[in-house]
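Coordinates from run_37.txt are shown below (compact mmCIF, C-alpha atoms).
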# COMPACT_ATOMS: atom_id res chain seq x y z
CA MET A 1338 1.96 -10.01 -80.58
CA THR A 1339 -1.46 -8.37 -80.42
CA ARG A 1340 -3.97 -8.79 -77.61
CA LEU A 1341 -6.08 -11.03 -79.81
CA GLU A 1342 -3.13 -13.33 -80.55
CA ARG A 1343 -2.23 -13.52 -76.85
CA TRP A 1344 -5.83 -14.43 -75.99
CA GLU A 1345 -5.93 -17.14 -78.68
CA CYS A 1346 -2.64 -18.63 -77.45
CA ARG A 1347 -3.91 -18.77 -73.86
CA THR A 1348 -7.28 -20.29 -74.74
CA GLN A 1349 -6.07 -22.81 -77.32
CA LEU A 1350 -5.75 -25.77 -74.94
CA PRO A 1351 -8.97 -25.06 -72.97
CA LEU A 1352 -10.88 -24.87 -76.25
CA MET A 1353 -9.58 -28.26 -77.32
CA VAL A 1354 -10.65 -29.74 -73.99
CA LEU A 1355 -14.11 -28.21 -74.35
CA SER A 1356 -14.44 -29.69 -77.84
CA VAL A 1357 -13.66 -33.15 -76.49
CA LEU A 1358 -16.18 -32.67 -73.68
CA PHE A 1359 -18.82 -31.63 -76.19
CA ALA A 1360 -18.13 -34.73 -78.28
CA VAL A 1361 -18.48 -36.97 -75.23
CA ALA A 1362 -21.67 -35.22 -74.17
CA TYR A 1363 -23.07 -35.63 -77.68
CA ALA A 1364 -22.24 -39.35 -77.90
CA ALA A 1365 -23.23 -40.45 -74.39
CA PRO A 1366 -27.05 -40.18 -74.71
CA ILE A 1367 -26.96 -41.89 -78.12
CA LEU A 1368 -24.82 -44.80 -77.01
CA HIS A 1369 -26.76 -45.18 -73.76
CA PRO A 1370 -30.35 -44.15 -74.53
CA GLU A 1371 -31.57 -46.08 -71.52
CA GLY A 1372 -29.02 -44.47 -69.24
CA SER A 1373 -29.78 -42.82 -65.96
CA VAL A 1374 -31.43 -39.45 -65.72
CA ALA A 1375 -28.26 -38.07 -64.14
CA LEU A 1376 -26.22 -39.07 -67.21
CA LEU A 1377 -28.67 -37.40 -69.58
CA HIS A 1378 -28.78 -34.24 -67.47
CA ALA A 1379 -24.98 -34.15 -67.23
CA ALA A 1380 -24.66 -34.43 -71.02
CA TRP A 1381 -27.28 -31.73 -71.53
CA TRP A 1382 -25.60 -29.34 -69.11
CA THR A 1383 -22.17 -30.05 -70.60
CA GLU A 1384 -23.40 -29.08 -74.05
CA TRP A 1385 -24.80 -25.82 -72.75
CA VAL A 1386 -21.65 -25.01 -70.76
CA VAL A 1387 -19.49 -25.60 -73.83
CA TRP A 1388 -21.81 -23.45 -75.92
CA ALA A 1389 -21.61 -20.64 -73.34
CA ALA A 1390 -17.79 -20.90 -73.25
CA LEU A 1391 -17.58 -20.74 -77.04
CA THR A 1392 -19.91 -17.76 -77.08
CA CYS A 1393 -17.78 -15.91 -74.52
CA ASP A 1394 -14.61 -16.74 -76.43
CA TYR A 1395 -16.10 -15.41 -79.66
CA LEU A 1396 -17.30 -12.20 -78.01
CA VAL A 1397 -13.90 -11.61 -76.40
CA ARG A 1398 -12.09 -12.15 -79.68
CA PHE A 1399 -14.56 -9.85 -81.41
CA TYR A 1400 -13.85 -7.17 -78.80
CA LEU A 1401 -10.05 -7.58 -79.06
CA ALA A 1402 -9.97 -7.58 -82.87
CA GLU A 1403 -8.61 -4.37 -84.38
CA GLN A 1404 -10.96 -4.61 -87.38
CA ARG A 1405 -14.08 -6.19 -85.92
CA TRP A 1406 -16.27 -6.56 -88.98
CA ARG A 1407 -13.38 -8.00 -90.91
CA PHE A 1408 -12.96 -10.47 -88.06
CA VAL A 1409 -16.63 -11.47 -88.39
CA ARG A 1410 -16.28 -11.99 -92.15
CA SER A 1411 -13.07 -13.98 -91.77
CA GLN A 1412 -14.40 -16.26 -89.00
CA PRO A 1413 -17.65 -17.75 -90.35
CA LEU A 1414 -17.16 -21.10 -88.59
CA SER A 1415 -16.70 -19.38 -85.25
CA LEU A 1416 -19.97 -17.54 -85.71
CA LEU A 1417 -21.63 -20.76 -86.89
CA ALA A 1418 -20.49 -22.60 -83.78
CA VAL A 1419 -22.11 -19.91 -81.65
CA VAL A 1420 -25.46 -19.36 -83.40
CA LEU A 1421 -26.42 -22.97 -84.22
CA PRO A 1422 -29.01 -24.15 -81.72
CA LEU A 1423 -28.40 -27.15 -79.50
CA ALA A 1424 -31.41 -29.13 -80.67
CA GLY A 1425 -32.28 -31.94 -83.04
CA PRO A 1426 -30.04 -32.87 -85.99
CA LEU A 1427 -28.36 -29.45 -85.94
CA ARG A 1428 -26.36 -30.68 -82.94
CA LEU A 1429 -24.21 -32.67 -85.38
CA LEU A 1430 -23.53 -29.56 -87.46
CA ARG A 1431 -22.63 -27.69 -84.33
CA LEU A 1432 -20.31 -30.51 -83.26
CA VAL A 1433 -18.52 -30.38 -86.61
CA SER A 1434 -18.22 -26.59 -86.48
CA THR A 1435 -16.88 -26.80 -82.93
CA ALA A 1436 -14.22 -29.31 -83.98
CA VAL A 1437 -13.19 -27.20 -86.96
CA LEU A 1438 -13.12 -24.11 -84.77
CA ALA A 1439 -10.76 -25.84 -82.36
CA GLY A 1440 -8.60 -26.96 -85.28
CA GLN A 1441 -8.33 -23.39 -86.54
CA ARG A 1442 -6.81 -22.29 -83.25
CA VAL A 1443 -4.06 -24.92 -83.28
CA ARG A 1444 -0.85 -23.41 -84.59
CA MET A 1445 0.85 -25.84 -86.98
CA ALA A 1446 2.70 -25.79 -90.23
CA ALA A 1447 0.44 -25.48 -93.26
CA GLN A 1448 1.10 -28.98 -94.58
CA VAL A 1449 0.70 -30.58 -91.16
CA ARG A 1450 -2.50 -28.62 -90.59
CA LEU A 1451 -3.99 -29.78 -93.89
CA THR A 1452 -3.17 -33.40 -93.14
CA THR A 1453 -4.60 -33.04 -89.63
CA TYR A 1454 -7.77 -31.46 -91.00
CA VAL A 1455 -8.32 -34.23 -93.55
CA VAL A 1456 -7.66 -37.09 -91.14
CA GLY A 1457 -9.69 -35.45 -88.37
CA ALA A 1458 -12.56 -34.68 -90.73
CA VAL A 1459 -12.70 -38.26 -92.00
CA ILE A 1460 -12.68 -39.77 -88.52
CA GLY A 1461 -15.06 -37.18 -87.09
CA LEU A 1462 -17.62 -37.46 -89.89
CA LEU A 1463 -17.43 -41.25 -89.84
CA VAL A 1464 -17.95 -41.58 -86.09
CA PHE A 1465 -20.37 -38.77 -85.41
CA GLY A 1466 -22.24 -39.25 -88.67
CA SER A 1467 -22.85 -42.81 -87.50
CA LEU A 1468 -24.05 -41.59 -84.12
CA ALA A 1469 -26.34 -39.04 -85.72
CA VAL A 1470 -27.98 -41.47 -88.14
CA LEU A 1471 -28.37 -44.03 -85.36
CA ASP A 1472 -30.07 -41.43 -83.20
CA ILE A 1473 -32.39 -40.45 -86.04
CA GLU A 1474 -33.19 -43.85 -87.51
CA ARG A 1475 -33.39 -45.97 -84.38
CA SER A 1476 -36.89 -44.79 -83.48
CA SER A 1477 -38.33 -45.31 -86.98
CA PRO A 1478 -40.44 -48.51 -87.39
CA THR A 1479 -39.16 -49.03 -90.96
CA ALA A 1480 -35.49 -48.36 -90.18
CA ASN A 1481 -32.80 -50.92 -90.91
CA ILE A 1482 -30.04 -49.03 -89.06
CA LYS A 1483 -30.57 -50.00 -85.45
CA THR A 1484 -27.08 -50.74 -84.11
CA LEU A 1485 -23.81 -48.83 -84.00
CA ASP A 1486 -22.17 -51.43 -86.25
CA ASP A 1487 -24.81 -50.89 -88.93
CA ALA A 1488 -24.44 -47.13 -88.61
CA LEU A 1489 -20.64 -47.23 -88.94
CA TRP A 1490 -20.86 -49.49 -92.01
CA TRP A 1491 -23.48 -47.23 -93.58
CA SER A 1492 -21.40 -44.09 -92.91
CA PHE A 1493 -18.28 -45.66 -94.40
CA THR A 1494 -20.00 -46.80 -97.60
CA THR A 1495 -21.78 -43.45 -97.90
CA MET A 1496 -18.68 -41.29 -97.41
CA THR A 1497 -16.77 -43.33 -99.98
CA THR A 1498 -19.78 -43.01 -102.35
CA VAL A 1499 -19.87 -46.82 -102.72
CA GLY A 1500 -23.43 -47.18 -101.43
CA TYR A 1501 -24.05 -50.94 -101.30
CA GLY A 1502 -27.66 -50.32 -100.29
CA ASP A 1503 -27.78 -53.00 -97.58
CA HIS A 1504 -28.40 -50.24 -95.02
CA THR A 1505 -30.23 -47.06 -95.98
CA PRO A 1506 -31.93 -44.28 -94.02
CA THR A 1507 -35.71 -44.24 -94.24
CA THR A 1508 -36.50 -40.92 -92.57
CA GLY A 1509 -36.24 -37.49 -94.11
CA LEU A 1510 -33.60 -36.30 -91.64
CA GLY A 1511 -31.60 -39.49 -92.19
CA ARG A 1512 -31.59 -38.97 -95.95
CA LEU A 1513 -30.60 -35.34 -95.47
CA LEU A 1514 -27.70 -36.51 -93.33
CA ALA A 1515 -26.76 -39.01 -96.06
CA VAL A 1516 -26.57 -36.18 -98.60
CA GLY A 1517 -24.26 -34.28 -96.29
CA LEU A 1518 -21.98 -37.30 -95.84
CA MET A 1519 -21.86 -37.92 -99.59
CA LEU A 1520 -20.89 -34.33 -100.32
CA SER A 1521 -18.35 -34.39 -97.51
CA GLY A 1522 -16.78 -37.58 -98.83
CA ILE A 1523 -16.50 -36.14 -102.33
CA ALA A 1524 -15.03 -32.91 -100.96
CA LEU A 1525 -12.45 -34.74 -98.84
CA LEU A 1526 -11.46 -36.92 -101.78
CA GLY A 1527 -11.02 -33.77 -103.84
CA VAL A 1528 -8.85 -32.22 -101.14
CA VAL A 1529 -6.62 -35.29 -100.97
CA THR A 1530 -6.33 -35.48 -104.77
CA ALA A 1531 -5.58 -31.76 -105.03
CA ASN A 1532 -2.97 -32.00 -102.27
CA ILE A 1533 -1.17 -34.87 -104.02
CA ALA A 1534 -1.29 -33.05 -107.36
CA ALA A 1535 0.00 -29.87 -105.73
CA TRP A 1536 2.90 -31.82 -104.23
CA PHE A 1537 3.94 -33.21 -107.61
CA ILE A 1538 3.55 -29.80 -109.26
CA SER A 1539 5.64 -28.14 -106.55
CA ARG A 1540 8.38 -30.75 -107.03
CA ALA A 1541 8.35 -30.19 -110.79
CA ASP A 1542 8.44 -26.41 -110.31
CA ALA A 1543 11.35 -26.74 -107.88
CA GLU A 1544 13.33 -28.83 -110.36
CA GLU A 1545 12.51 -26.38 -113.15
CA ARG A 1546 13.66 -23.45 -111.02
CA MET A 1547 16.86 -25.30 -110.17
CA ASP A 1548 17.54 -25.99 -113.85
CA HIS A 1549 16.94 -22.32 -114.63
CA VAL A 1550 19.34 -21.25 -111.87
CA ASN A 1551 21.99 -23.67 -113.13
CA HIS A 1552 21.54 -22.39 -116.68
CA LEU A 1553 21.99 -18.80 -115.54
CA ALA A 1554 25.09 -19.75 -113.53
CA ILE A 1555 26.63 -21.52 -116.54
CA ARG A 1556 25.89 -18.53 -118.76
CA GLU A 1557 27.46 -16.15 -116.26
CA LEU A 1558 30.56 -18.34 -116.01
CA THR A 1559 30.79 -18.45 -119.80
CA GLU A 1560 30.61 -14.66 -120.00
CA GLU A 1561 33.31 -14.36 -117.33
CA VAL A 1562 35.60 -16.76 -119.22
CA ARG A 1563 35.08 -14.78 -122.41
CA GLU A 1564 35.87 -11.55 -120.61
CA LEU A 1565 39.02 -13.04 -119.09
CA ARG A 1566 40.13 -14.23 -122.52
CA ARG A 1567 39.56 -10.78 -123.95
CA GLN A 1568 41.58 -9.15 -121.17
CA VAL A 1569 44.41 -11.66 -121.63
CA ALA A 1570 44.41 -10.97 -125.37
CA GLU A 1571 44.53 -7.21 -124.78
CA LEU A 1572 47.33 -7.62 -122.23
CA SER A 1573 49.32 -9.80 -124.62
CA ALA A 1574 48.94 -7.21 -127.35
CA THR A 1575 50.42 -4.44 -125.16
CA VAL A 1576 53.59 -6.42 -124.15
CA PRO A 1577 56.62 -5.91 -126.49
CA ASP A 1578 57.62 -8.96 -128.53
CA GLY A 1579 61.04 -9.19 -126.90
CA LEU A 1580 59.72 -9.22 -123.38
CA VAL A 1581 59.03 -12.85 -122.84
CA GLY A 1582 59.21 -14.20 -119.35
CA THR A 1583 58.08 -13.16 -115.91
CA PRO A 1584 58.96 -10.19 -113.69
CA SER A 1585 61.58 -10.91 -111.04
CA GLY A 1586 61.49 -9.78 -107.47
CA THR A 1587 63.67 -6.74 -108.36
CA GLY A 1588 61.11 -5.43 -110.77
CA GLU A 1589 63.12 -6.50 -113.83
CA TRP A 1590 62.04 -8.96 -116.47
CA THR A 1591 63.83 -12.29 -116.61
CA GLY A 1592 63.86 -14.69 -119.49
CA ALA A 1593 64.91 -14.80 -123.11
CA GLY A 1594 65.29 -11.69 -125.26
CA PRO A 1595 66.72 -8.23 -124.69
CA ARG A 1596 65.80 -6.17 -121.66

Could you take the file, read its structure, and then write that structure out as structure tokens?
Amino acid sequence: MTRLERWECRTQLPLMVLSVLFAVAYAAPILHPEGSVALLHAAWWTEWVVWAALTCDYLVRFYLAEQRWRFVRSQPLSLLAVVLPLAGPLRLLRLVSTAVLAGQRVRMAAQVRLTTYVVGAVIGLLVFGSLAVLDIERSSPTANIKTLDDALWWSFTTMTTVGYGDHTPTTGLGRLLAVGLMLSGIALLGVVTANIAAWFISRADAEERMDHVNHLAIRELTEEVRELRRQVAELSATVPDGLVGTPSGTGEWTGAGPR
């Protein structure tokens, strides 16, 4: 195990905890806009502490990587989680990148990881997309998304591309967020469909490979039987006609016919 792998194993759980703290700090001011100044300051400081921790983690992993520029190219979400500013609507993007970054560090089987990603992405985009649009639209005089219930309903209909139109964003940032949720919903649906199709294809390929293996085994057995028959025929041709029977324990032939 390399130094980078040891570092990632040791920091996996703390990173997950930091991601949860960031999510709480992101949601608290939106759910309680009239909260105390201490709550708002605590959320603000938590976001910055998490950002500093992620930055330090990225720099350490960059230092420990054997091929550093390859590490940078292979970890775009890690870099995104570090460079996105903690201001305005980009906080949602940074929250999503932080959650994905934490998911990358969890060591799971490939199929379990894909399922976890899809389920986590759906729940995360639904909840935090609702919080983001509520934060953006609530202050607009023409907005019709003013409660968390309205925001959740709007996010669900937008991600599923149903779009009833009973609740719609009226600000530019809200509409930009809607575009992101629509594209995300289509992408997640494509991932689920592709995963199901891949499962059926893998099952069909496995059955086809099994049939091919069975066919080869039957052909090999057939060739062996033919070879045994040929050897028996050759052996029968070399035995004199009068020697019919089986050899006895004394080395002599017993049975009918002359010895």

Just to confirm, what's the straight-line distance from CA of Val1361 (chain A) to CA of Ala1389 (chain A) in Å (one decimal)?
16.7 Å

Would you list the contacts of region 1402-1412 of chain A as a list in words, taking every protein, DNA or RNA residue within 10 Å and counting all atoms listed in the file, but skipping same-chain residues closer than 5 positions in sequence?
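Result of the neighbour search: Thr1339, Arg1340, Leu1341, Glu1342, Tyr1395, Leu1396, Val1397, Leu1417, Leu1438 and Gln1441 of chain A.
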
Measure the distance from CA of Leu1377 (chain A) to CA of Ser1477 (chain A) in Å and round it to one decimal.
21.4 Å

So the first atom is CA of Ile1473 (chain A) and the second is CA of Pro1506 (chain A); what is the distance between them in Å, to one decimal place?
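Separation between CA of Ile1473 (chain A) and CA of Pro1506 (chain A): 8.9 Å.
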
Polymer residues at most 12 Å from His1378 (chain A), only C-alpha atoms, same-chain spacing of 4 or more positions, as an MDAnalysis selection string:
chainID A and resid 1362:1363 1365:1366 1372:1374 1382:1385

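Here the question is which of A:Val1387, A:Leu1368, A:Leu1471, A:Trp1381 gets nearest to Ser1356 (chain A) using all atoms listed in the file, and that residue is A:Val1387.
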
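Remark: for Leu1401 (chain A), the closest of the candidate residues A:Glu1345, A:Val1499, A:Val1456, A:Phe1359 is A:Glu1345 (distances computed over all atoms listed in the file).
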
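The residue that comes closest to Thr1392 (chain A), out of A:Val1419, A:Ala1360, A:Ala1480, A:Leu1558 and on the basis of only C-alpha atoms, is A:Val1419.
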
If we count only C-alpha atoms, what is near Val1516 (chain A) at a cut-off of 12 Å, once residues fewer than 6 positions away on the same chain are taken out, given as JSON, numbers by chain?
{"A": [1466, 1470, 1492, 1495, 1496, 1498, 1500, 1505, 1506, 1509, 1510, 1522, 1523]}

Starting from the block above, write region 1389-1411 of chain A out to a file with N, CA, C and O atoms, as a PDB file, in the first residue's frame, please.
ATOM      1  N   ALA A1389     -11.362  24.549   4.363  1.00  0.00           N
ATOM      2  CA  ALA A1389      -9.936  24.495   4.687  1.00  0.00           C
ATOM      3  C   ALA A1389      -9.460  23.048   4.841  1.00  0.00           C
ATOM      4  O   ALA A1389      -8.361  22.693   4.388  1.00  0.00           O
ATOM      5  N   ALA A1390     -10.288  22.191   5.469  1.00  0.00           N
ATOM      6  CA  ALA A1390      -9.908  20.790   5.643  1.00  0.00           C
ATOM      7  C   ALA A1390      -9.814  20.086   4.290  1.00  0.00           C
ATOM      8  O   ALA A1390      -8.885  19.303   4.046  1.00  0.00           O
ATOM      9  N   LEU A1391     -10.768  20.345   3.405  1.00  0.00           N
ATOM     10  CA  LEU A1391     -10.721  19.743   2.082  1.00  0.00           C
ATOM     11  C   LEU A1391      -9.515  20.226   1.291  1.00  0.00           C
ATOM     12  O   LEU A1391      -8.889  19.463   0.548  1.00  0.00           O
ATOM     13  N   THR A1392      -9.192  21.499   1.441  1.00  0.00           N
ATOM     14  CA  THR A1392      -8.023  22.032   0.755  1.00  0.00           C
ATOM     15  C   THR A1392      -6.743  21.362   1.251  1.00  0.00           C
ATOM     16  O   THR A1392      -5.878  20.974   0.450  1.00  0.00           O
ATOM     17  N   CYS A1393      -6.611  21.214   2.555  1.00  0.00           N
ATOM     18  CA  CYS A1393      -5.433  20.544   3.119  1.00  0.00           C
ATOM     19  C   CYS A1393      -5.357  19.089   2.664  1.00  0.00           C
ATOM     20  O   CYS A1393      -4.270  18.591   2.329  1.00  0.00           O
ATOM     21  N   ASP A1394      -6.503  18.416   2.658  1.00  0.00           N
ATOM     22  CA  ASP A1394      -6.519  17.016   2.209  1.00  0.00           C
ATOM     23  C   ASP A1394      -6.072  16.910   0.756  1.00  0.00           C
ATOM     24  O   ASP A1394      -5.297  16.017   0.397  1.00  0.00           O
ATOM     25  N   TYR A1395      -6.556  17.809  -0.090  1.00  0.00           N
ATOM     26  CA  TYR A1395      -6.174  17.770  -1.498  1.00  0.00           C
ATOM     27  C   TYR A1395      -4.680  18.037  -1.674  1.00  0.00           C
ATOM     28  O   TYR A1395      -4.003  17.359  -2.457  1.00  0.00           O
ATOM     29  N   LEU A1396      -4.152  19.009  -0.935  1.00  0.00           N
ATOM     30  CA  LEU A1396      -2.734  19.328  -1.055  1.00  0.00           C
ATOM     31  C   LEU A1396      -1.860  18.175  -0.563  1.00  0.00           C
ATOM     32  O   LEU A1396      -0.813  17.876  -1.163  1.00  0.00           O
ATOM     33  N   VAL A1397      -2.284  17.525   0.517  1.00  0.00           N
ATOM     34  CA  VAL A1397      -1.515  16.377   1.018  1.00  0.00           C
ATOM     35  C   VAL A1397      -1.533  15.242   0.009  1.00  0.00           C
ATOM     36  O   VAL A1397      -0.503  14.610  -0.262  1.00  0.00           O
ATOM     37  N   ARG A1398      -2.692  14.952  -0.559  1.00  0.00           N
ATOM     38  CA  ARG A1398      -2.766  13.877  -1.544  1.00  0.00           C
ATOM     39  C   ARG A1398      -1.978  14.219  -2.798  1.00  0.00           C
ATOM     40  O   ARG A1398      -1.369  13.350  -3.425  1.00  0.00           O
ATOM     41  N   PHE A1399      -1.979  15.503  -3.168  1.00  0.00           N
ATOM     42  CA  PHE A1399      -1.163  15.930  -4.306  1.00  0.00           C
ATOM     43  C   PHE A1399       0.325  15.722  -4.020  1.00  0.00           C
ATOM     44  O   PHE A1399       1.088  15.289  -4.885  1.00  0.00           O
ATOM     45  N   TYR A1400       0.738  16.011  -2.787  1.00  0.00           N
ATOM     46  CA  TYR A1400       2.142  15.828  -2.412  1.00  0.00           C
ATOM     47  C   TYR A1400       2.533  14.347  -2.361  1.00  0.00           C
ATOM     48  O   TYR A1400       3.635  13.969  -2.763  1.00  0.00           O
ATOM     49  N   LEU A1401       1.621  13.485  -1.895  1.00  0.00           N
ATOM     50  CA  LEU A1401       1.931  12.064  -1.753  1.00  0.00           C
ATOM     51  C   LEU A1401       1.808  11.286  -3.058  1.00  0.00           C
ATOM     52  O   LEU A1401       2.298  10.157  -3.145  1.00  0.00           O
ATOM     53  N   ALA A1402       1.143  11.854  -4.050  1.00  0.00           N
ATOM     54  CA  ALA A1402       0.951  11.143  -5.315  1.00  0.00           C
ATOM     55  C   ALA A1402       2.289  10.957  -6.021  1.00  0.00           C
ATOM     56  O   ALA A1402       3.133  11.876  -6.054  1.00  0.00           O
ATOM     57  N   GLU A1403       2.493   9.789  -6.592  1.00  0.00           N
ATOM     58  CA  GLU A1403       3.743   9.516  -7.309  1.00  0.00           C
ATOM     59  C   GLU A1403       3.793  10.279  -8.623  1.00  0.00           C
ATOM     60  O   GLU A1403       4.848  10.786  -9.009  1.00  0.00           O
ATOM     61  N   GLN A1404       2.669  10.352  -9.330  1.00  0.00           N
ATOM     62  CA  GLN A1404       2.575  11.136 -10.564  1.00  0.00           C
ATOM     63  C   GLN A1404       1.568  12.261 -10.313  1.00  0.00           C
ATOM     64  O   GLN A1404       0.349  12.073 -10.454  1.00  0.00           O
ATOM     65  N   ARG A1405       2.074  13.428  -9.954  1.00  0.00           N
ATOM     66  CA  ARG A1405       1.224  14.490  -9.424  1.00  0.00           C
ATOM     67  C   ARG A1405       0.293  15.089 -10.475  1.00  0.00           C
ATOM     68  O   ARG A1405      -0.878  15.336 -10.197  1.00  0.00           O
ATOM     69  N   TRP A1406       0.801  15.338 -11.652  1.00  0.00           N
ATOM     70  CA  TRP A1406      -0.070  15.949 -12.659  1.00  0.00           C
ATOM     71  C   TRP A1406      -1.100  14.962 -13.156  1.00  0.00           C
ATOM     72  O   TRP A1406      -2.217  15.356 -13.521  1.00  0.00           O
ATOM     73  N   ARG A1407      -0.754  13.699 -13.166  1.00  0.00           N
ATOM     74  CA  ARG A1407      -1.768  12.687 -13.482  1.00  0.00           C
ATOM     75  C   ARG A1407      -2.829  12.634 -12.397  1.00  0.00           C
ATOM     76  O   ARG A1407      -4.016  12.440 -12.687  1.00  0.00           O
ATOM     77  N   PHE A1408      -2.420  12.842 -11.153  1.00  0.00           N
ATOM     78  CA  PHE A1408      -3.381  12.895 -10.054  1.00  0.00           C
ATOM     79  C   PHE A1408      -4.337  14.063 -10.240  1.00  0.00           C
ATOM     80  O   PHE A1408      -5.545  13.929 -10.016  1.00  0.00           O
ATOM     81  N   VAL A1409      -3.820  15.215 -10.657  1.00  0.00           N
ATOM     82  CA  VAL A1409      -4.674  16.391 -10.872  1.00  0.00           C
ATOM     83  C   VAL A1409      -5.683  16.115 -11.981  1.00  0.00           C
ATOM     84  O   VAL A1409      -6.865  16.439 -11.866  1.00  0.00           O
ATOM     85  N   ARG A1410      -5.219  15.491 -13.074  1.00  0.00           N
ATOM     86  CA  ARG A1410      -6.124  15.211 -14.190  1.00  0.00           C
ATOM     87  C   ARG A1410      -7.163  14.152 -13.841  1.00  0.00           C
ATOM     88  O   ARG A1410      -8.272  14.183 -14.375  1.00  0.00           O
ATOM     89  N   SER A1411      -6.808  13.234 -12.973  1.00  0.00           N
ATOM     90  CA  SER A1411      -7.732  12.145 -12.626  1.00  0.00           C
ATOM     91  C   SER A1411      -8.663  12.497 -11.473  1.00  0.00           C
ATOM     92  O   SER A1411      -9.554  11.716 -11.156  1.00  0.00           O
TER      93      SER A1411
END
